[in-house]
Amino acid sequence: MPFVLGVLLIVGLGFGIYAGIQASKRWKQALAFAAQQLGLDYVEGGMLVGPETRGQTDVGSLKIDSHTVSHGKSSTTYTRIVLDVDDLPRDLIFEREGMGATFKKVFVGEDYALGDGHFDASIVARGRPQELVSRLDVAARNALLVGVGQMGMTVKEGTVTFTKAGLIRDPTKLLAIARQVVGLGRALSAGGRTAPQRLFSTASTDPVPAVRQQAARFLWRGYPGSPQAQQLAATALDSEDPGMRLLGAQRIGDADPRAGRVLLALVADGGVANGVRAEAVATLTASQLRATGVIAELVAVFRRAHSGLLVELLEALRRVSVAPPLDQLARRISSVDPEGRAAIATSAALHGAAATAMLVRSLDDDDTQVQIAAARALRGCGDLSAVEPLLPLTKGLFTNGTLKEACRGAVEAIQSRAGGGGSGGLTVVAEGAGAAGALSAMRQAAATGELSPASAEVAGADEPAEQSDALTRAEAPA
C-alpha cells in the first residue's frame with residue numbers, strides 16, 4: 001500500500017510539473033504572438049525575470065507582462081498591459097464609476113461633468129477642464145466607456161493600464177486586449193493636432209449639444225485670436241443647435257447686426273428650452289433692445305412666458321425703461337411664482353401712480369419678497385392712497401425687518417411727494433379707514449421709529465377725539 005501511494009505521489013508531482021511547463025509555454029506563446037502582430041519585441045526572460053513583450057507603438061511604449069502580488073500565505077499573479085502615451089498629460093485621470101470612485105470623491109472632490117449624461121454617469125474624469133474637453137471627443141468617450149467602463153482599465157500618470165487576475169494564455173484574447181489598450185491611448189492622444197484644432201472639431205461635430213457648447217466656450221476663452229475661434233464664431237449663428245447660436249451671438253455682440261436678430265428669434269421660439277431663451281434675453285444689449293420691433297416682440301412673448309423667462313424679459317425691458325402694459329402685468333401676476341410676482345411688481349413702477357392699486361394688492365401677498373418688491377415700487381410711484389395699507393407693515397414684532405424698512409421708505413417718499421415730510425407730515429386717509437379723504441398727521445414712535453397715524457391722545461391729550469380730528473383737518477392747507 002505505501003508503495004502505491006508513493007507512486008501516485010510521484011505521478012501527481014510529475015503531472016503538476018508538466019502542466020506548469022505547458023502553462024508557461026502557452027503564456028510565452030501568447031506573448032510572442034502579440035509581439036509579432038503588434039510589431040513589438042518578445043523578451044524570453046530568465047531565472048528572476050519573467051517573459052514580456054515590449055516596444056514602441058504609434059502613440060507610445062507598450063509593455064505586456066505579468067506581476068505577482070503576495071497576500072501572506074498565498075499570492076495572485078496578474079496579466080498586466082501598460083501603455084505610456086507620449087503626449088497624454090499626467091494630471092488626467094479616468095476611472096470606472098463605482099463605490100471606490102464615490103468614496104474617493106469625499107477626499108479629492110467631484111469629478112468633471114462633461115455634459116454627456118451617459119459618459120458622466122459611467123466614467124470619473126479629473127484634470128484641467130479645458131484639457132479634458134479638448135481630448136474627450138466622441139471617439140475618446142466611446143473608447144473610455146469600453147476600456148475603462150467595461151474592461152476595468154485605468155488612465156493616470158500618462159499611462160493606460162489593464163490588469164487581470166491570472167495569466168491570459170489565449171493568444172487571440174491577449175492580442176485583442178492589447179489592441180484595446182493601444183486604441184484607448186490613440187483616442188486620448190492629441191494625434192498631432194493643436195488644442196484649438198481639437199476644440200474646434202468637437203464644437204463643430206460632437207453629437208452632444210452640451211459638449212459642443214463647452215468646447216466652443218473653451219476655444220473662445222482660451223484661444224480667442226486663433227483661426228479656429230474666428231471660424232467658429234462666423235458659423236455659430238447658423239448652427240442648428242439653439243445653445244450654439246446663443247453662444248455665437250454672445251461672442252459677436254453688437255459687432256454684427258445678425259446677433260440681435262438671432263437672440264430675438266431664440267426668445268420668440270417656444271420650442272427652445274426656457275433656460276436658453278432666458279439667457280438670450282439677458283444677453284440683449286441696450287442698442288439691440290432699441291432696434292425696430294424688438295420691444296413689441298418681447299412684450300408679446302411676456303404674455304405667455306414661463307416664470308424664469310418672464311423675470312429676464314422684465315429685467316431686459318427695464319434696462320430701456322419699458323414695461324408691458326399695466327393690464328397685462330395685472331393678469332400675469334396671479335399666474336406666476338413668487339419670483340415672477342416680485343419682478344412684475346418692480347416693473348409696474350414704470351407706470352407711475354397708475355400702478356398704485358395693483359401694488360397695494362401685492363402688499364397682501366403671502367410671499368415676503370413680493371411684498372418687499374411692491375413696497376419698493378410704491379416708494380417710487382405710489383400715491384397717497386397707498387399710505388394706509390403700508391402703515392401696518394411698518395411695525396410689528398413678527399414683521400420682516402427688510403419689509404418694514406421698505407414700507408417706511410415708501411410712506412416717507414409718498415408723503416414727501418405730496419408735500420408732507422415724515423413725522424408730523426400730513427397724508428390722506430385711505431377709503432375704508434375712517435373718513436375717506438380726511439387728513440391724518442403722521443408721527444414716528446421714539447422707541448421703534450415706526451410711522452403711524454397720530455392718535456387722538458397725541459393730537460391733543462386733553463381734547464376729545466372729535467376735537468382733535470377737527471383740528472387736524474383745519475391745519476390742512478387750503
# chains A, B, ... in the order shown; residues from 1 in each chain; ligands from 1
>>> residues_around(residues="region 330-344 of chain A", least_positions_apart="6", cutoff="6 Å", atoms="only C-alpha atoms", output="PyMOL selection string")
chain A and resi 307+311+370+373
>>> residues_around(residues="Arg251 (chain A)", least_positions_apart="4", cutoff="9 Å", atoms="only C-alpha atoms", output="compact mmCIF listing (two decimals) with C-alpha atoms, in the first residue's frame")
# COMPACT_ATOMS: atom_id res chain seq x y z
CA TRP A 220 -13.16 81.36 -27.49
CA ALA A 233 -17.72 82.50 -34.47
CA LEU A 246 -26.78 81.80 -28.36
CA LEU A 247 -23.04 81.42 -27.72
CA ALA A 259 -26.60 88.75 -33.40
>>> closest_residue(among="A:Val182, A:Pro129, A:Thr368, A:Glu95", to="Leu145 (chain A)", atoms="only C-alpha atoms")
A:Glu95
>>> residues_around(residues="Arg80 (chain A)", least_positions_apart="5", cutoff="6 Å", atoms="only C-alpha atoms", output="PyMOL selection string")
chain A and resi 64-66+162-163
>>> atom_distance(atom1="CA of Asp170 (chain A)", atom2="CA of Ser24 (chain A)")
11.9 Å
>>> atom_distance(atom1="CA of Asp137 (chain A)", atom2="CA of Gln56 (chain A)")
24.9 Å
>>> residues_around(residues="Phe94 (chain A)", least_positions_apart="2", cutoff="6 Å", atoms="only C-alpha atoms", output="list in words")
Val124, Ala125 and Val155 of chain A
>>> atom_distance(atom1="CA of Gly115 (chain A)", atom2="CA of Val82 (chain A)")
29.3 Å
>>> closest_residue(among="A:Gly158, A:Leu114, A:Thr53, A:Ala140", to="Leu92 (chain A)", atoms="only C-alpha atoms")
A:Gly158
>>> closest_residue(among="A:Lys28, A:Phe119, A:Lys156, A:Lys63", to="Ile168 (chain A)", atoms="only C-alpha atoms")
A:Lys28
>>> select_by_dssp(residues="region 102-282 of chain A", states="alpha helix (DSSP H)", output="number ranges by chain")
A: 102-108, 117-122, 129-135, 138-144, 171-188, 195-205, 209-222, 227-236, 242-252, 257-268, 274-282
>>> select_by_dssp(residues="region 53-291 of chain A", states="strand (DSSP E or B)", output="VMD selection string")
chain A and resid 53 to 56 60 to 70 75 to 85 93 to 96 123 to 126 154 to 156 159 to 166
>>> closest_residue(among="A:Asp206, A:Asp383, A:Asp91, A:Glu44", to="Thr356 (chain A)", atoms="only C-alpha atoms")
A:Asp383
>>> closest_residue(among="A:Leu199, A:Ala210, A:Leu350, A:Leu136", to="Gly117 (chain A)", atoms="only C-alpha atoms")
A:Ala210
>>> residues_around(residues="Glu315 (chain A)", least_positions_apart="6", cutoff="10 Å", atoms="only C-alpha atoms", output="ChimeraX atom specification")
/A:281-282,309,321-323,343-344,346-347
>>> write_last_selection(atoms="N, CA and C atoms", output="PDB file, in the first residue's frame")
ATOM      1  N   VAL A 281     -32.443  86.580 -23.610  1.00  0.00           N
ATOM      2  CA  VAL A 281     -32.992  87.872 -23.189  1.00  0.00           C
ATOM      3  C   VAL A 281     -31.944  88.654 -22.411  1.00  0.00           C
ATOM      4  N   ALA A 282     -31.283  87.968 -21.470  1.00  0.00           N
ATOM      5  CA  ALA A 282     -30.282  88.635 -20.645  1.00  0.00           C
ATOM      6  C   ALA A 282     -29.103  89.126 -21.475  1.00  0.00           C
ATOM      7  N   LEU A 309     -38.297  82.844 -17.578  1.00  0.00           N
ATOM      8  CA  LEU A 309     -38.126  83.689 -18.757  1.00  0.00           C
ATOM      9  C   LEU A 309     -38.778  85.043 -18.527  1.00  0.00           C
ATOM     10  N   SER A 321     -36.084 101.217 -19.769  1.00  0.00           N
ATOM     11  CA  SER A 321     -37.192 101.947 -19.126  1.00  0.00           C
ATOM     12  C   SER A 321     -38.534 101.667 -19.781  1.00  0.00           C
ATOM     13  N   VAL A 322     -38.775 100.390 -20.058  1.00  0.00           N
ATOM     14  CA  VAL A 322     -40.038  99.972 -20.669  1.00  0.00           C
ATOM     15  C   VAL A 322     -40.662  98.874 -19.825  1.00  0.00           C
ATOM     16  N   ALA A 323     -41.981  98.894 -19.724  1.00  0.00           N
ATOM     17  CA  ALA A 323     -42.715  97.828 -19.038  1.00  0.00           C
ATOM     18  C   ALA A 323     -43.898  97.421 -19.905  1.00  0.00           C
ATOM     19  N   ALA A 343     -40.965  90.391  -9.729  1.00  0.00           N
ATOM     20  CA  ALA A 343     -40.471  91.078 -10.926  1.00  0.00           C
ATOM     21  C   ALA A 343     -41.564  91.937 -11.546  1.00  0.00           C
ATOM     22  N   ILE A 344     -42.794  91.430 -11.562  1.00  0.00           N
ATOM     23  CA  ILE A 344     -43.908  92.203 -12.106  1.00  0.00           C
ATOM     24  C   ILE A 344     -44.153  93.452 -11.267  1.00  0.00           C
ATOM     25  N   THR A 346     -41.987  95.093  -9.495  1.00  0.00           N
ATOM     26  CA  THR A 346     -40.897  96.033  -9.772  1.00  0.00           C
ATOM     27  C   THR A 346     -41.110  96.731 -11.108  1.00  0.00           C
ATOM     28  N   SER A 347     -41.532  95.963 -12.109  1.00  0.00           N
ATOM     29  CA  SER A 347     -41.759  96.536 -13.432  1.00  0.00           C
ATOM     30  C   SER A 347     -42.928  97.511 -13.435  1.00  0.00           C
TER      31      SER A 347
END
>>> residues_around(residues="Gln371 (chain A)", least_positions_apart="4", cutoff="9 Å", atoms="only C-alpha atoms", output="PyMOL selection string")
chain A and resi 342+345+359+362-367+375-376+403
>>> write_last_selection(atoms="N, CA and C atoms", output="PDB file, in the first residue's frame")
ATOM      1  N   ALA A 342     -42.708  89.181  -7.905  1.00  0.00           N
ATOM      2  CA  ALA A 342     -41.847  90.277  -7.467  1.00  0.00           C
ATOM      3  C   ALA A 342     -41.324  91.077  -8.656  1.00  0.00           C
ATOM      4  N   ALA A 345     -44.106  93.302  -9.945  1.00  0.00           N
ATOM      5  CA  ALA A 345     -44.293  94.463  -9.080  1.00  0.00           C
ATOM      6  C   ALA A 345     -43.223  95.514  -9.339  1.00  0.00           C
ATOM      7  N   LEU A 359     -50.192  97.452  -6.955  1.00  0.00           N
ATOM      8  CA  LEU A 359     -49.098  97.262  -5.997  1.00  0.00           C
ATOM      9  C   LEU A 359     -49.612  97.148  -4.569  1.00  0.00           C
ATOM     10  N   SER A 362     -50.549  93.745  -3.941  1.00  0.00           N
ATOM     11  CA  SER A 362     -49.391  92.876  -3.758  1.00  0.00           C
ATOM     12  C   SER A 362     -48.821  92.960  -2.349  1.00  0.00           C
ATOM     13  N   LEU A 363     -49.172  93.995  -1.616  1.00  0.00           N
ATOM     14  CA  LEU A 363     -48.735  94.068  -0.225  1.00  0.00           C
ATOM     15  C   LEU A 363     -49.338  92.946   0.612  1.00  0.00           C
ATOM     16  N   ASP A 364     -50.461  92.371   0.130  1.00  0.00           N
ATOM     17  CA  ASP A 364     -51.111  91.269   0.842  1.00  0.00           C
ATOM     18  C   ASP A 364     -50.622  89.902   0.375  1.00  0.00           C
ATOM     19  N   ASP A 365     -49.611  89.879  -0.487  1.00  0.00           N
ATOM     20  CA  ASP A 365     -49.100  88.599  -0.997  1.00  0.00           C
ATOM     21  C   ASP A 365     -48.560  87.762   0.169  1.00  0.00           C
ATOM     22  N   ASP A 366     -48.675  86.443   0.020  1.00  0.00           N
ATOM     23  CA  ASP A 366     -48.205  85.565   1.096  1.00  0.00           C
ATOM     24  C   ASP A 366     -46.701  85.323   1.044  1.00  0.00           C
ATOM     25  N   ASP A 367     -46.003  85.936   0.092  1.00  0.00           N
ATOM     26  CA  ASP A 367     -44.548  85.791  -0.003  1.00  0.00           C
ATOM     27  C   ASP A 367     -43.881  87.131   0.298  1.00  0.00           C
ATOM     28  N   ALA A 375     -43.543  97.214  -2.043  1.00  0.00           N
ATOM     29  CA  ALA A 375     -43.276  98.402  -1.228  1.00  0.00           C
ATOM     30  C   ALA A 375     -42.222  99.282  -1.878  1.00  0.00           C
ATOM     31  N   ARG A 376     -41.159  98.676  -2.398  1.00  0.00           N
ATOM     32  CA  ARG A 376     -40.109  99.464  -3.047  1.00  0.00           C
ATOM     33  C   ARG A 376     -40.626 100.145  -4.309  1.00  0.00           C
ATOM     34  N   LEU A 403     -38.862  94.196   5.067  1.00  0.00           N
ATOM     35  CA  LEU A 403     -40.175  94.662   4.641  1.00  0.00           C
ATOM     36  C   LEU A 403     -40.556  95.936   5.387  1.00  0.00           C
TER      37      LEU A 403
END
>>> closest_residue(among="A:Gly396, A:Pro209, A:Gly401, A:Gly409", to="Ala374 (chain A)", atoms="only C-alpha atoms")
A:Gly409
